[in-house]
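Taking it in order: structure first as structure tokens, then the write-up.
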Amino acid sequence: MNHLSGEGRKTLERLEVGLQELRDDPDLQISYEGEKDVIDIVFAGGGAKGVAHLGAIWAFDKLGVRFKRLAGTSAGALTASIVAAGFDCEELVEELFNMNFMKLRDGFWDQRLPKLAKIAAVSTSYGMYEGEKLQSWIEHLLAKKNANTFGRLPMGGVGMLAPLDKHDGPRLSIMASDISHSCELFMPRDLVLDRYGNIRPNSFPISAAVRMSVSVPFFFTPYKLSNSLIVDGAFATNLPLEAFDVPDPGKARWPTLGIKLGSTKPGKNPTQDLFHFGLAVFDTMRYGQSRMTYQNYPTRMCRLVEIDTGEVRTLDFGITREQKEELFLNGARSVLHTLKGEDGRGIRTVWNFGRYIQLRKRWGFPELDEPYL
């Protein structure tokens with residue numbers, strides 16, 4: 001892994017040894033033999049913290065795990081879409097690890113405008129950046145795999161993907177928030193609704209769905225879909241972990257694992273003006289919602305890979321290479337610890353699909369008014 005420092009590569013080599021030992025452990029059972037070593041995966045939002053997703057994906061790759069269906073919110077939507085397009089692990093890291101996300105801002109207005117002008121810009125457009133550069137970059141990236149719409153996503157076993165049958169639902173699902181109707185927007189499922197103009201999901205660009213999901217209020221302008229304003233998916237749910245659940249856990253054919261980004265020592269948010277105050281409120285809401293959600297429902301804890309993101313904040317897109325490296329390593333380390341059941345993680349023993357199903361049956365789930373899929 002040439003992207004890491006010498007010490008980082010040594011740490012990664014040790015993690016790779018641990019992952020190989022886990023892969024050889026006879027007690028490890030990711031899923032049943034009929035669908036061996038496959039999972040559904042859901043990526044949480046977290047902005048710059050999303051670099052940790054790459055480390056988690058690397059660890060799953062070393063374990064030989066492949067993904068059936070993927071879902072995500074905000075930065076998690078970006079990660080999920082690229083994996084769903086058929087990029088393999090090496091390509092994914094190559095595209096994202098060294099990416100300078102500061103270049104995806106439209107105009108760098110936060111540096112060029114005085115404080116009062118910034119407040120005026122936010123008050124008129126509800127965001128500092130239009131998000132067009134970000135959407136264009138995603139479109140270009142997905143087009144490399146000819147997978148830039150929901151209907152073009154591969155259903156076969158390419159990259160990090162396992163083969164998927166059409167009756168299992170869409171390969172990729174993306175969460176955004178419709179603030180005009182105070183509800184979630186789960187794509188591609190909800191695109192057919194009247195309020196969005198009865199869009200044909202198969203032809204809808206994934207880059208637009210990701211653009212909606214990452215629209216942090218005050219930072220990116222809301223996306224207008226028909227007559228609705230769409231913003232960051234974290235307002236609906238930052239980690240839609242139940243996206244692929246069936247009513248009877250005993251009928252699940254493979255597990256769903258969620259990648260959650262959190263911090264034991266979050267960095268301090270600047271609040272010197274209205275713009276940064278709004279971003280701080282949003283970041284605090286995201287953090288508090290995630291903690292309360294997973295503390296309340298033990299059944300979620302058994303399938304959660306929680307990655308410590310240190311002091312990196314959601315909008316720290318100028319993070320250093322050292323911070324990126326630490327996020328990557330923490331992502332890989334968390335997958336190893338969770339599937340080994342260390343420190344009370346996961347199912348608290350070496351991962352076993354039968355045990356996972358037992359825990360889900362024991363604890364049950366709150367009933368959803370409307371299933372995601």
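Please note that chains go A, B, ... in the order of the structure tokens, that every chain numbers its residues from 1, and that ligands are numbered from 1 in the order shown.
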Test item: residues at most 8 Å from Pro222 in chain A, only C-alpha atoms, excluding those fewer than 2 positions along its chain, as an mmCIF file with N, CA, C and O atoms, in the first residue's frame:
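What ended up in out01.cif:
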```cif
data_model
loop_
_atom_site.group_PDB
_atom_site.id
_atom_site.type_symbol
_atom_site.label_atom_id
_atom_site.label_comp_id
_atom_site.auth_asym_id
_atom_site.auth_seq_id
_atom_site.Cartn_x
_atom_site.Cartn_y
_atom_site.Cartn_z
ATOM 1 N N TYR A 126 -28.795 29.418 0.467
ATOM 2 C CA TYR A 126 -28.812 28.372 1.498
ATOM 3 C C TYR A 126 -27.559 27.493 1.498
ATOM 4 O O TYR A 126 -27.554 26.415 2.081
ATOM 5 N N GLY A 127 -26.499 27.953 0.851
ATOM 6 C CA GLY A 127 -25.265 27.188 0.856
ATOM 7 C C GLY A 127 -24.151 27.955 0.178
ATOM 8 O O GLY A 127 -24.394 28.774 -0.710
ATOM 9 N N MET A 212 -27.356 14.946 -3.825
ATOM 10 C CA MET A 212 -28.412 15.234 -2.847
ATOM 11 C C MET A 212 -27.997 14.788 -1.449
ATOM 12 O O MET A 212 -28.159 15.516 -0.470
ATOM 13 N N SER A 215 -25.499 17.014 0.589
ATOM 14 C CA SER A 215 -25.794 18.456 0.640
ATOM 15 C C SER A 215 -25.933 18.962 2.075
ATOM 16 O O SER A 215 -27.037 19.229 2.566
ATOM 17 N N PRO A 217 -26.374 21.323 4.876
ATOM 18 C CA PRO A 217 -26.950 22.677 4.895
ATOM 19 C C PRO A 217 -25.900 23.740 5.218
ATOM 20 O O PRO A 217 -25.015 23.520 6.043
ATOM 21 N N PHE A 220 -23.309 23.078 1.066
ATOM 22 C CA PHE A 220 -23.776 22.930 -0.304
ATOM 23 C C PHE A 220 -25.211 23.435 -0.399
ATOM 24 O O PHE A 220 -26.013 23.241 0.531
ATOM 25 N N LYS A 224 -32.672 20.769 -5.909
ATOM 26 C CA LYS A 224 -34.095 20.878 -6.191
ATOM 27 C C LYS A 224 -34.527 19.728 -7.080
ATOM 28 O O LYS A 224 -34.079 19.598 -8.222
ATOM 29 N N LEU A 229 -36.967 20.520 -2.006
ATOM 30 C CA LEU A 229 -35.575 20.816 -1.694
ATOM 31 C C LEU A 229 -34.993 19.630 -0.925
ATOM 32 O O LEU A 229 -35.544 19.202 0.094
ATOM 33 N N ILE A 230 -33.870 19.111 -1.418
ATOM 34 C CA ILE A 230 -33.260 17.910 -0.854
ATOM 35 C C ILE A 230 -31.916 18.268 -0.248
ATOM 36 O O ILE A 230 -31.102 18.978 -0.876
ATOM 37 N N VAL A 231 -31.666 17.779 0.979
ATOM 38 C CA VAL A 231 -30.403 18.045 1.667
ATOM 39 C C VAL A 231 -29.805 16.729 2.173
ATOM 40 O O VAL A 231 -30.313 15.644 1.896
#
```
Name all residues at most 12 Å from Ile174 in chain A (count only C-alpha atoms; drop same-chain ones fewer than 4 positions away) and give them as JSON, numbers by chain.
{"A": [42, 43, 44, 45, 69, 70, 71, 72, 73, 74, 75, 76, 77, 78, 79, 80, 81, 84, 150, 170, 184, 185, 186, 187, 188, 189, 190, 191, 205, 206, 207, 208, 209, 210, 211, 212, 213, 214, 232, 233, 234, 236, 237, 238, 239, 240, 241, 243, 372, 373]}
From A:Cys183, A:Met99, A:Ala85, A:Val305, residue lying nearest Arg321 in chain A [only C-alpha atoms]:
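Looking only at the distances to Arg321 in chain A, the closest residue turns out to be A:Met99.
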CA of Glu13 in chain A to CA of Gly331 in chain A, distance in Å rounded to a single decimal
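We find that CA of Glu13 in chain A and CA of Gly331 in chain A lie 14.3 Å from each other.
You will find CA of Leu327 in chain A at 22.8 Å from CA of Arg300 in chain A.
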